[in-house]
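Trainee: My structure is below; once you've seen it, I'll send some questions.
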Amino acid sequence: MAHHHEQQEETTNYNSLYYLVGLLTGLFIGVVIDLGITWTLSLGVVGLLFAAFFLSVFVRGREQR
């Protein structure tokens, strides 16, 4: 009993992956549309905001399952 170790659940946080995909998607769309560097960076920020919205609305409560 003295050597009993509780198994800790390993939790992986994928939030940074969602932010990276949002950023890269926004930048890619800006490059494809070819509106200039300012619009490309702006669309990258919009991608980050969309990723934050997606995490807060759709992925909320995923850890509780």
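By convention in this document, the chains of the structure tokens carry letters A, B, ... by their order, each chain's residues are numbered from 1, and ligands are numbered from 1 in the order they are shown.
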Would you pick out the contacts of stretch 44-55 of chain A at 12 Å or less, using only C-alpha atoms, so that residues sharing its chain but fewer than 3 positions from it are not included, and give the list as a PyMOL selection string?

Mentor: chain A and resi 13-31+37-41+58-63

Trainee: Would you put the residues from that selection into a file with C-alpha atoms, as a PDB file, in the first residue's frame?

Mentor:
```
ATOM      1  CA  ASN A  13      -4.295  20.821 -24.718  1.00  0.00           C
ATOM      2  CA  TYR A  14      -5.025  21.375 -28.414  1.00  0.00           C
ATOM      3  CA  ASN A  15      -5.951  25.054 -28.139  1.00  0.00           C
ATOM      4  CA  SER A  16      -2.695  26.213 -29.701  1.00  0.00           C
ATOM      5  CA  LEU A  17      -3.342  23.936 -32.674  1.00  0.00           C
ATOM      6  CA  TYR A  18      -6.702  25.647 -33.299  1.00  0.00           C
ATOM      7  CA  TYR A  19      -5.033  29.077 -33.125  1.00  0.00           C
ATOM      8  CA  LEU A  20      -2.277  27.981 -35.502  1.00  0.00           C
ATOM      9  CA  VAL A  21      -4.763  26.602 -38.034  1.00  0.00           C
ATOM     10  CA  GLY A  22      -6.834  29.805 -37.818  1.00  0.00           C
ATOM     11  CA  LEU A  23      -3.774  31.996 -38.322  1.00  0.00           C
ATOM     12  CA  LEU A  24      -2.415  29.999 -41.234  1.00  0.00           C
ATOM     13  CA  THR A  25      -5.810  29.781 -42.914  1.00  0.00           C
ATOM     14  CA  GLY A  26      -6.307  33.544 -42.647  1.00  0.00           C
ATOM     15  CA  LEU A  27      -2.831  34.210 -44.024  1.00  0.00           C
ATOM     16  CA  PHE A  28      -3.355  31.717 -46.855  1.00  0.00           C
ATOM     17  CA  ILE A  29      -6.629  33.362 -47.858  1.00  0.00           C
ATOM     18  CA  GLY A  30      -4.912  36.744 -47.831  1.00  0.00           C
ATOM     19  CA  VAL A  31      -2.164  35.463 -50.129  1.00  0.00           C
ATOM     20  CA  ILE A  37       0.551  42.570 -47.053  1.00  0.00           C
ATOM     21  CA  THR A  38      -1.727  44.706 -44.873  1.00  0.00           C
ATOM     22  CA  TRP A  39      -4.833  42.739 -45.842  1.00  0.00           C
ATOM     23  CA  THR A  40      -2.954  39.454 -45.508  1.00  0.00           C
ATOM     24  CA  LEU A  41      -1.953  40.281 -41.939  1.00  0.00           C
ATOM     25  CA  PHE A  58     -18.114  24.900 -30.167  1.00  0.00           C
ATOM     26  CA  VAL A  59     -15.313  23.203 -28.227  1.00  0.00           C
ATOM     27  CA  ARG A  60     -16.441  24.375 -24.786  1.00  0.00           C
ATOM     28  CA  GLY A  61     -17.158  21.427 -22.517  1.00  0.00           C
ATOM     29  CA  ARG A  62     -15.133  18.976 -24.561  1.00  0.00           C
ATOM     30  CA  GLU A  63     -12.979  18.128 -21.517  1.00  0.00           C
TER      31      GLU A  63
END
```
